[in-house]
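As provided, protein15.cif (mmCIF, C-alpha atoms) reads as follows.
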data_input
loop_
_atom_site.label_atom_id
_atom_site.label_comp_id
_atom_site.auth_asym_id
_atom_site.auth_seq_id
_atom_site.Cartn_x
_atom_site.Cartn_y
_atom_site.Cartn_z
CA MET A 220 -13.68 -6.23 1.95
CA ALA A 221 -10.73 -8.34 0.81
CA ASP A 222 -8.62 -9.92 3.53
CA ASN A 223 -5.56 -10.20 1.33
CA TYR A 224 -4.11 -7.92 -1.30
CA TYR A 225 -1.05 -7.48 -3.50
CA THR A 226 1.53 -4.73 -3.39
CA LEU A 227 5.19 -4.11 -4.20
CA ALA A 228 7.84 -5.32 -1.75
CA ALA A 229 10.15 -2.37 -2.45
CA PRO A 230 10.59 0.58 -4.84
CA SER A 231 11.27 -0.31 -8.47
CA GLU A 232 11.93 1.55 -11.73
CA GLY A 233 11.21 1.19 -15.41
CA ILE A 234 11.97 3.14 -18.56
CA TYR A 235 10.24 3.50 -21.92
CA ARG A 236 11.45 5.45 -24.96
CA GLU A 237 9.29 6.65 -27.83
CA LYS A 238 10.30 9.06 -30.65
CA MET A 239 13.11 10.70 -28.67
CA SER A 240 10.94 11.17 -25.55
CA LYS A 241 12.07 9.34 -22.43
CA PHE A 242 9.55 8.10 -19.85
CA MET A 243 11.10 7.08 -16.52
CA ALA A 244 8.71 5.31 -14.15
CA PHE A 245 9.15 5.00 -10.40
CA ALA A 246 6.94 2.70 -8.33
CA ALA A 247 6.92 2.36 -4.56
CA PRO A 248 4.83 0.81 -1.79
CA ALA A 249 2.67 3.36 0.07
CA GLU A 250 0.32 2.52 2.94
CA SER A 251 -1.67 5.77 2.82
CA ALA A 252 -2.59 8.59 0.44
CA ALA A 253 -0.26 10.87 2.40
CA GLU A 254 2.65 8.44 1.94
CA ALA A 255 1.86 8.11 -1.79
CA LYS A 256 1.77 11.90 -2.23
CA GLU A 257 5.03 12.27 -0.31
CA PHE A 258 6.71 9.77 -2.66
CA ILE A 259 5.32 11.58 -5.73
CA ALA A 260 6.44 14.98 -4.37
CA GLY A 261 9.94 13.55 -3.90
CA ILE A 262 10.06 12.45 -7.56
CA GLN A 263 8.74 15.86 -8.70
CA LYS A 264 11.44 17.62 -6.68
CA LYS A 265 14.22 15.34 -7.91
CA TYR A 266 13.18 15.70 -11.57
CA PHE A 267 12.13 19.37 -11.42
CA ASP A 268 13.53 19.94 -14.93
CA ALA A 269 11.22 17.38 -16.57
CA ARG A 270 8.35 18.63 -18.70
CA HIS A 271 5.81 16.35 -16.98
CA VAL A 272 5.69 14.17 -13.86
CA CYS A 273 2.43 12.25 -14.13
CA TRP A 274 1.27 9.86 -11.45
CA ALA A 275 -1.31 7.57 -9.90
CA TYR A 276 -1.73 5.75 -6.62
CA MET A 277 -4.11 3.29 -4.99
CA VAL A 278 -4.26 2.53 -1.27
CA GLY A 279 -6.26 0.31 1.08
CA PRO A 280 -7.00 -3.42 0.93
CA ALA A 281 -10.44 -2.70 -0.58
CA ARG A 282 -8.72 -0.81 -3.45
CA THR A 283 -11.27 2.04 -3.22
CA GLU A 284 -8.96 5.01 -2.52
CA PHE A 285 -7.07 6.15 -5.61
CA GLN A 286 -6.08 9.23 -7.56
CA SER A 287 -4.31 10.02 -10.82
CA ASN A 288 -2.89 13.19 -12.39
CA ASP A 289 -1.98 14.09 -15.99
CA ASN A 290 0.28 16.98 -14.88
CA GLY A 291 -0.29 19.04 -18.02
CA GLU A 292 -0.55 16.20 -20.53
CA PRO A 293 -3.85 16.01 -22.47
CA SER A 294 -6.65 14.78 -20.19
CA GLY A 295 -6.71 11.01 -19.71
CA THR A 296 -3.42 10.34 -21.53
CA ALA A 297 -1.11 9.84 -18.53
CA GLY A 298 -2.63 9.40 -15.05
CA LYS A 299 -5.37 7.00 -16.18
CA PRO A 300 -3.02 4.66 -18.11
CA ILE A 301 -0.70 4.57 -15.05
CA LEU A 302 -3.67 3.76 -12.79
CA GLY A 303 -4.77 1.19 -15.36
CA GLN A 304 -1.51 -0.71 -14.86
CA ILE A 305 -1.98 -0.69 -11.07
CA ASN A 306 -5.39 -2.25 -11.75
CA SER A 307 -4.05 -4.70 -14.34
CA PHE A 308 -1.64 -6.12 -11.77
CA ASN A 309 -4.37 -6.04 -9.08
CA LEU A 310 -2.13 -3.95 -6.80
CA THR A 311 -2.86 -1.58 -3.94
CA ASN A 312 -0.81 0.41 -1.43
CA VAL A 313 1.33 1.54 -4.35
CA ALA A 314 2.26 4.84 -6.01
CA ILE A 315 3.73 5.29 -9.49
CA ALA A 316 5.20 8.48 -10.92
CA VAL A 317 6.29 8.71 -14.57
CA VAL A 318 8.78 11.42 -15.51
CA ARG A 319 8.72 12.56 -19.16
CA TYR A 320 11.56 14.27 -20.91
CA PHE A 321 10.21 15.59 -24.22
CA GLY A 322 12.24 14.61 -27.25
CA GLY A 323 10.87 17.20 -29.68
CA ILE A 324 8.44 14.94 -31.55
CA LYS A 325 4.76 14.98 -30.54
CA LEU A 326 3.36 11.52 -29.80
CA GLY A 327 -0.36 12.23 -30.14
CA THR A 328 -3.04 11.03 -27.75
CA SER A 329 -2.70 7.29 -28.43
CA GLY A 330 1.11 7.53 -28.36
CA LEU A 331 1.05 9.21 -24.96
CA ILE A 332 -1.39 6.65 -23.54
CA THR A 333 0.83 3.82 -24.76
CA ALA A 334 4.03 5.44 -23.45
CA TYR A 335 2.70 6.14 -19.94
CA ARG A 336 1.08 2.70 -19.75
CA GLU A 337 4.24 0.90 -20.85
CA ALA A 338 6.51 2.91 -18.55
CA ALA A 339 4.28 2.09 -15.56
CA ARG A 340 4.16 -1.59 -16.61
CA GLU A 341 7.97 -1.69 -16.81
CA ALA A 342 8.30 -0.30 -13.27
CA ILE A 343 5.83 -2.83 -11.85
CA ALA A 344 7.42 -5.72 -13.77
CA ALA A 345 10.85 -4.75 -12.39
CA GLY A 346 9.55 -5.00 -8.82
CA GLU A 347 8.57 -7.92 -6.61
CA ILE A 348 4.83 -8.33 -6.08
CA ILE A 349 3.96 -9.72 -2.65
CA GLU A 350 0.73 -10.86 -1.01
CA MET A 351 -0.26 -9.02 2.17
CA HIS A 352 -3.09 -9.48 4.63
CA ASP A 353 -5.51 -6.89 5.93
CA MET A 354 -4.76 -6.39 9.64
CA THR A 355 -6.95 -5.41 12.58
CA GLU A 356 -6.10 -4.29 16.09
CA ILE A 357 -7.86 -5.80 19.09
CA SER A 358 -7.61 -3.99 22.45
CA PHE A 359 -8.84 -5.43 25.72
CA THR A 360 -8.48 -5.28 29.50
CA TYR A 361 -8.33 -8.21 31.90
CA PRO A 362 -7.67 -8.89 35.58
CA TYR A 363 -4.07 -9.55 36.59
CA LEU A 364 -5.11 -12.99 37.86
CA SER A 365 -6.14 -13.97 34.28
CA MET A 366 -2.73 -13.12 32.79
CA GLU A 367 -1.49 -16.70 32.40
CA ARG A 368 -4.63 -17.72 30.50
CA VAL A 369 -4.51 -14.61 28.27
CA MET A 370 -0.82 -15.21 27.47
CA ARG A 371 -1.55 -18.81 26.48
CA LEU A 372 -4.29 -17.62 24.10
CA VAL A 373 -2.23 -14.93 22.38
CA LYS A 374 1.03 -16.86 22.07
CA GLY A 375 -0.22 -18.87 19.08
CA GLY A 376 1.95 -16.84 16.70
CA GLU A 377 -0.98 -15.42 14.72
CA ALA A 378 -1.17 -12.14 16.69
CA GLU A 379 1.53 -9.51 17.09
CA MET A 380 1.80 -7.59 20.37
CA VAL A 381 1.38 -3.84 19.85
CA ASN A 382 1.05 -2.68 23.44
CA GLN A 383 0.62 -4.12 26.94
CA GLN A 384 0.39 -2.76 30.46
CA PHE A 385 0.40 -4.71 33.71
CA ASP A 386 -1.46 -3.50 36.77
CA ASN A 387 -4.39 -4.75 38.86
CA VAL A 388 -6.31 -4.37 35.60
CA CYS A 389 -4.03 -5.19 32.67
CA SER A 390 -4.48 -3.99 29.10
CA MET A 391 -3.24 -5.31 25.79
CA THR A 392 -3.47 -4.41 22.11
CA LEU A 393 -2.82 -7.06 19.46
CA ARG A 394 -2.48 -6.80 15.69
CA ILE A 395 -3.87 -9.77 13.78
CA ARG A 396 -5.04 -10.71 10.30
CA THR A 397 -8.61 -9.49 9.88
CA ASP A 398 -9.82 -12.93 8.81
CA LEU A 399 -8.53 -14.42 12.11
CA ALA A 400 -9.74 -11.61 14.42
CA ASP A 401 -13.24 -12.96 15.17
CA GLU A 402 -11.89 -16.35 16.23
CA LEU A 403 -9.36 -14.72 18.59
CA LYS A 404 -12.08 -12.48 20.06
CA ARG A 405 -14.26 -15.55 20.62
CA ARG A 406 -11.44 -17.33 22.50
CA LEU A 407 -10.65 -14.21 24.55
CA SER A 408 -14.31 -13.76 25.52
CA ASP A 409 -14.08 -17.04 27.49
CA VAL A 410 -11.55 -15.44 29.88
CA GLU A 411 -13.25 -14.34 33.10
CA GLY A 412 -13.24 -10.58 33.57
CA LEU A 413 -11.80 -9.84 30.12
CA SER A 414 -13.38 -6.91 28.32
CA ILE A 415 -12.75 -6.09 24.65
CA ILE A 416 -12.53 -2.32 24.17
#

Exercise: express the given structure as C-alpha cells:
Amino acid sequence: MADNYYTLAAPSEGIYREKMSKFMAFAAPAESAAEAKEFIAGIQKKYFDARHVCWAYMVGPARTEFQSNDNGEPSGTAGKPILGQINSFNLTNVAIAVVRYFGGIKLGTSGLITAYREAAREAIAAGEIIEMHDMTEISFTYPYLSMERVMRLVKGGEAEMVNQQFDNVCSMTLRIRTDLADELKRRLSDVEGLSII
C-alpha cells in the first residue's frame, strides 16, 4: 500500500461548453465513500433542473475504492471519463460531479466522452493538488512511573496526540505517518511496562 498519495486541497470548479451544451464540473476532497456521496448528493440537489449530474469518486491511499455513474447518459460516456481524469492526475480521496445542461444538439458518444473528460480535467486543473501521507493510529498503555520516558519519545513532532488518560495505568493514542509507525513502536517497546494495544 502506498504511504503517500495526492488529493485536492479544497473544492474547485471547471466548465466546458460543446455545441450549446454546458458541462459544469465540481471537484472536492472526500476522505470516505460516504463523504464523496454526500458531496455528489449536494450537487444533485443544487442543480436539480439539470438533465444529467454524472459523477465519479476514488477514496483511500491504495486507490482501490471507487465508483462512477453515467446518470442517464449512454453507458461509459460520462462516469468513466470523469474517473479517468482522477486516474490521470493520480488522485484519491476526491469526488467529481459534472452537471450537464443540454443545449439541443446531440453530441454523440465520442462527443460526450470528450465533454465529460474535459470538464473534469478543468475542475482538477483549477484546484491545488497536494501530497498527503497515509496515517496510522497507535494505542498503548504504560505505568504512570514511565510517563516522562514516554513523553520524551512521542514529543519528536512526528506523532500527533489523539487521546491520553492519566491514572496508575496511563493510556495514549497517537496518529502518525504509516511509514514511521514501526520505528515508533520499536522505540516504545523499550519502555518498561508499556503495552501496545

Could you check the closest approach to Phe308 (chain A) for each of A:Ile357, A:Val278, A:Leu227, A:Val388 and tell me which residue wins, using all atoms listed in the file?
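Comparing A:Ile357, A:Val278, A:Leu227, A:Val388 against Phe308 (chain A), the winner is A:Leu227.
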
Per-residue nearest contacts of region 224-263 of chain A to region 338-348 of chain A (9 Å; all atoms listed in the file) as a Markdown table:
| residue | atom | partner | partner_atom | distance |
| --- | --- | --- | --- | --- |
| A:Tyr225 | CA | A:Ile348 | CA | 6.5 |
| A:Thr226 | CA | A:Ile348 | CA | 5.6 |
| A:Leu227 | CA | A:Ile348 | CA | 4.6 |
| A:Ala228 | CA | A:Glu347 | CA | 5.6 |
| A:Ala229 | CA | A:Gly346 | CA | 6.9 |
| A:Pro230 | CA | A:Gly346 | CA | 6.9 |
| A:Ser231 | CA | A:Gly346 | CA | 5.0 |
| A:Glu232 | CA | A:Ala342 | CA | 4.4 |
| A:Gly233 | CA | A:Ala342 | CA | 3.9 |
| A:Ile234 | CA | A:Ala338 | CA | 5.5 |
| A:Tyr235 | CA | A:Ala338 | CA | 5.1 |
| A:Arg236 | CA | A:Ala338 | CA | 8.5 |
| A:Phe242 | CA | A:Ala338 | CA | 6.2 |
| A:Met243 | CA | A:Ala338 | CA | 6.5 |
| A:Ala244 | CA | A:Ala338 | CA | 5.5 |
| A:Phe245 | CA | A:Ala342 | CA | 6.1 |
| A:Ala246 | CA | A:Ala342 | CA | 5.9 |
| A:Ala247 | CA | A:Gly346 | CA | 8.9 |

List the spatial neighbours of region 316-321 of chain A as a PyMOL selection string - criterion: any atom at most 10 Å away, all atoms listed in the file, same-chain residues fewer than 4 positions off excluded.
chain A and resi 232-247+255-256+258-263+266-276+287-289+297-298+301+325-326+334-336+338-339+342

I'd like to see the residues matched by the PyMOL selection byres ((chain A and resi 281) around 12) on this file, and ideally I'd get them as a CSV table (one decimal) with C-alpha atoms, keeping the file's coordinate frame.
chain,number,residue,atom,x,y,z
A,220,MET,CA,-13.7,-6.2,2.0
A,221,ALA,CA,-10.7,-8.3,0.8
A,222,ASP,CA,-8.6,-9.9,3.5
A,223,ASN,CA,-5.6,-10.2,1.3
A,224,TYR,CA,-4.1,-7.9,-1.3
A,225,TYR,CA,-1.0,-7.5,-3.5
A,277,MET,CA,-4.1,3.3,-5.0
A,278,VAL,CA,-4.3,2.5,-1.3
A,279,GLY,CA,-6.3,0.3,1.1
A,280,PRO,CA,-7.0,-3.4,0.9
A,282,ARG,CA,-8.7,-0.8,-3.4
A,283,THR,CA,-11.3,2.0,-3.2
A,284,GLU,CA,-9.0,5.0,-2.5
A,285,PHE,CA,-7.1,6.2,-5.6
A,309,ASN,CA,-4.4,-6.0,-9.1
A,310,LEU,CA,-2.1,-4.0,-6.8
A,311,THR,CA,-2.9,-1.6,-3.9
A,312,ASN,CA,-0.8,0.4,-1.4
A,352,HIS,CA,-3.1,-9.5,4.6
A,353,ASP,CA,-5.5,-6.9,5.9

Please put the answer as AutoDock Vina command-line options: centre and edge lengths, in Å with one decimal, of a box along x, y and z that encloses all listed atoms of region 274-286 of chain A plus 8 Å on each side.
--center_x -5.0 --center_y 3.2 --center_z -5.2 --size_x 28.5 --size_y 29.3 --size_z 28.5

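Nearest residue to Val373 (chain A) among A:Thr296, A:Thr392, A:Ser307, A:Ser251 is A:Thr392, counting all atoms listed in the file.
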
From the coordinates I just gave you, please extract region 375-391 of chain A so that only all heavy atoms remain, then output it as an mmCIF file, in the first residue's frame.
data_model
loop_
_atom_site.group_PDB
_atom_site.id
_atom_site.type_symbol
_atom_site.label_atom_id
_atom_site.label_comp_id
_atom_site.auth_asym_id
_atom_site.auth_seq_id
_atom_site.Cartn_x
_atom_site.Cartn_y
_atom_site.Cartn_z
ATOM 1 N N GLY A 375 8.725 14.020 19.507
ATOM 2 C CA GLY A 375 9.610 14.285 18.382
ATOM 3 C C GLY A 375 8.963 15.076 17.255
ATOM 4 O O GLY A 375 9.617 15.445 16.294
ATOM 5 N N GLY A 376 7.650 15.322 17.350
ATOM 6 C CA GLY A 376 6.978 16.106 16.320
ATOM 7 C C GLY A 376 6.392 15.271 15.197
ATOM 8 O O GLY A 376 5.614 15.747 14.398
ATOM 9 N N GLU A 377 6.758 13.974 15.127
ATOM 10 C CA GLU A 377 6.255 13.143 14.025
ATOM 11 C C GLU A 377 4.885 12.547 14.337
ATOM 12 O O GLU A 377 4.172 12.141 13.438
ATOM 13 C CB GLU A 377 7.253 12.029 13.718
ATOM 14 C CG GLU A 377 7.458 11.090 14.882
ATOM 15 C CD GLU A 377 8.769 10.321 14.832
ATOM 16 O OE1 GLU A 377 9.734 10.814 14.271
ATOM 17 O OE2 GLU A 377 8.783 9.212 15.368
ATOM 18 N N ALA A 378 4.520 12.487 15.637
ATOM 19 C CA ALA A 378 3.232 11.897 16.022
ATOM 20 C C ALA A 378 2.316 12.966 16.601
ATOM 21 O O ALA A 378 2.757 13.870 17.301
ATOM 22 C CB ALA A 378 3.455 10.788 17.048
ATOM 23 N N GLU A 379 1.036 12.821 16.295
ATOM 24 C CA GLU A 379 0.021 13.758 16.788
ATOM 25 C C GLU A 379 -0.793 13.049 17.867
ATOM 26 O O GLU A 379 -1.214 11.908 17.700
ATOM 27 C CB GLU A 379 -0.868 14.132 15.593
ATOM 28 C CG GLU A 379 -2.130 14.864 15.932
ATOM 29 C CD GLU A 379 -3.114 14.860 14.759
ATOM 30 O OE1 GLU A 379 -2.700 14.660 13.603
ATOM 31 O OE2 GLU A 379 -4.308 15.051 15.026
ATOM 32 N N MET A 380 -0.978 13.721 18.999
ATOM 33 C CA MET A 380 -1.736 13.153 20.116
ATOM 34 C C MET A 380 -3.224 13.135 19.768
ATOM 35 O O MET A 380 -3.799 14.149 19.401
ATOM 36 C CB MET A 380 -1.507 14.022 21.354
ATOM 37 C CG MET A 380 -2.117 13.472 22.599
ATOM 38 S SD MET A 380 -1.072 12.267 23.399
ATOM 39 C CE MET A 380 0.373 13.229 23.785
ATOM 40 N N VAL A 381 -3.852 11.968 19.866
ATOM 41 C CA VAL A 381 -5.281 11.834 19.618
ATOM 42 C C VAL A 381 -6.033 11.782 20.942
ATOM 43 O O VAL A 381 -7.068 12.403 21.106
ATOM 44 C CB VAL A 381 -5.579 10.555 18.786
ATOM 45 C CG1 VAL A 381 -7.074 10.352 18.617
ATOM 46 C CG2 VAL A 381 -4.897 10.628 17.432
ATOM 47 N N ASN A 382 -5.453 11.044 21.894
ATOM 48 C CA ASN A 382 -6.138 10.820 23.163
ATOM 49 C C ASN A 382 -5.116 10.430 24.220
ATOM 50 O O ASN A 382 -4.159 9.726 23.917
ATOM 51 C CB ASN A 382 -7.132 9.662 22.952
ATOM 52 C CG ASN A 382 -8.148 9.561 24.052
ATOM 53 O OD1 ASN A 382 -7.845 9.845 25.209
ATOM 54 N ND2 ASN A 382 -9.340 9.133 23.697
ATOM 55 N N GLN A 383 -5.318 10.880 25.469
ATOM 56 C CA GLN A 383 -4.471 10.394 26.554
ATOM 57 C C GLN A 383 -5.232 10.459 27.875
ATOM 58 O O GLN A 383 -6.068 11.323 28.074
ATOM 59 C CB GLN A 383 -3.162 11.182 26.633
ATOM 60 C CG GLN A 383 -3.286 12.655 26.963
ATOM 61 C CD GLN A 383 -1.925 13.318 27.056
ATOM 62 O OE1 GLN A 383 -0.916 12.664 27.223
ATOM 63 N NE2 GLN A 383 -1.899 14.630 26.951
ATOM 64 N N GLN A 384 -4.939 9.476 28.729
ATOM 65 C CA GLN A 384 -5.548 9.426 30.054
ATOM 66 C C GLN A 384 -4.472 9.098 31.067
ATOM 67 O O GLN A 384 -3.638 8.218 30.831
ATOM 68 C CB GLN A 384 -6.636 8.349 30.105
ATOM 69 C CG GLN A 384 -7.904 8.761 29.401
ATOM 70 C CD GLN A 384 -8.986 7.709 29.594
ATOM 71 O OE1 GLN A 384 -8.757 6.539 29.348
ATOM 72 N NE2 GLN A 384 -10.152 8.139 30.044
ATOM 73 N N PHE A 385 -4.500 9.823 32.187
ATOM 74 C CA PHE A 385 -3.512 9.589 33.240
ATOM 75 C C PHE A 385 -4.180 8.935 34.431
ATOM 76 O O PHE A 385 -5.215 9.392 34.906
ATOM 77 C CB PHE A 385 -2.860 10.907 33.664
ATOM 78 C CG PHE A 385 -2.156 11.611 32.531
ATOM 79 C CD1 PHE A 385 -2.633 12.816 32.047
ATOM 80 C CD2 PHE A 385 -1.044 11.054 31.938
ATOM 81 C CE1 PHE A 385 -1.989 13.466 30.997
ATOM 82 C CE2 PHE A 385 -0.402 11.682 30.890
ATOM 83 C CZ PHE A 385 -0.871 12.887 30.419
ATOM 84 N N ASP A 386 -3.584 7.854 34.905
ATOM 85 C CA ASP A 386 -4.056 7.148 36.083
ATOM 86 C C ASP A 386 -2.870 6.310 36.537
ATOM 87 O O ASP A 386 -1.744 6.522 36.084
ATOM 88 C CB ASP A 386 -5.258 6.253 35.720
ATOM 89 C CG ASP A 386 -6.212 6.092 36.905
ATOM 90 O OD1 ASP A 386 -5.724 6.172 38.049
ATOM 91 O OD2 ASP A 386 -7.414 5.893 36.672
ATOM 92 N N ASN A 387 -3.104 5.335 37.414
ATOM 93 C CA ASN A 387 -2.000 4.429 37.780
ATOM 94 C C ASN A 387 -1.467 3.745 36.528
ATOM 95 O O ASN A 387 -0.269 3.581 36.358
ATOM 96 C CB ASN A 387 -2.460 3.387 38.803
ATOM 97 C CG ASN A 387 -2.707 4.036 40.157
ATOM 98 O OD1 ASN A 387 -2.162 5.091 40.446
ATOM 99 N ND2 ASN A 387 -3.545 3.410 40.964
ATOM 100 N N VAL A 388 -2.412 3.340 35.647
ATOM 101 C CA VAL A 388 -2.036 2.849 34.318
ATOM 102 C C VAL A 388 -2.539 3.904 33.335
ATOM 103 O O VAL A 388 -3.727 4.190 33.272
ATOM 104 C CB VAL A 388 -2.661 1.478 34.008
ATOM 105 C CG1 VAL A 388 -2.342 1.070 32.584
ATOM 106 C CG2 VAL A 388 -2.164 0.428 34.991
ATOM 107 N N CYS A 389 -1.622 4.502 32.608
ATOM 108 C CA CYS A 389 -1.970 5.573 31.668
ATOM 109 C C CYS A 389 -2.211 4.963 30.288
ATOM 110 O O CYS A 389 -1.706 3.889 29.970
ATOM 111 C CB CYS A 389 -0.836 6.580 31.585
ATOM 112 S SG CYS A 389 -0.402 7.284 33.194
ATOM 113 N N SER A 390 -2.982 5.680 29.461
ATOM 114 C CA SER A 390 -3.185 5.224 28.091
ATOM 115 C C SER A 390 -3.019 6.405 27.140
ATOM 116 O O SER A 390 -3.214 7.565 27.522
ATOM 117 C CB SER A 390 -4.569 4.601 27.925
ATOM 118 O OG SER A 390 -5.572 5.574 28.104
ATOM 119 N N MET A 391 -2.628 6.088 25.927
ATOM 120 C CA MET A 391 -2.384 7.125 24.932
ATOM 121 C C MET A 391 -2.666 6.566 23.546
ATOM 122 O O MET A 391 -2.409 5.391 23.279
ATOM 123 C CB MET A 391 -0.919 7.595 25.031
ATOM 124 C CG MET A 391 -0.583 8.788 24.168
ATOM 125 S SD MET A 391 1.151 9.302 24.373
ATOM 126 C CE MET A 391 1.146 9.983 26.018
#
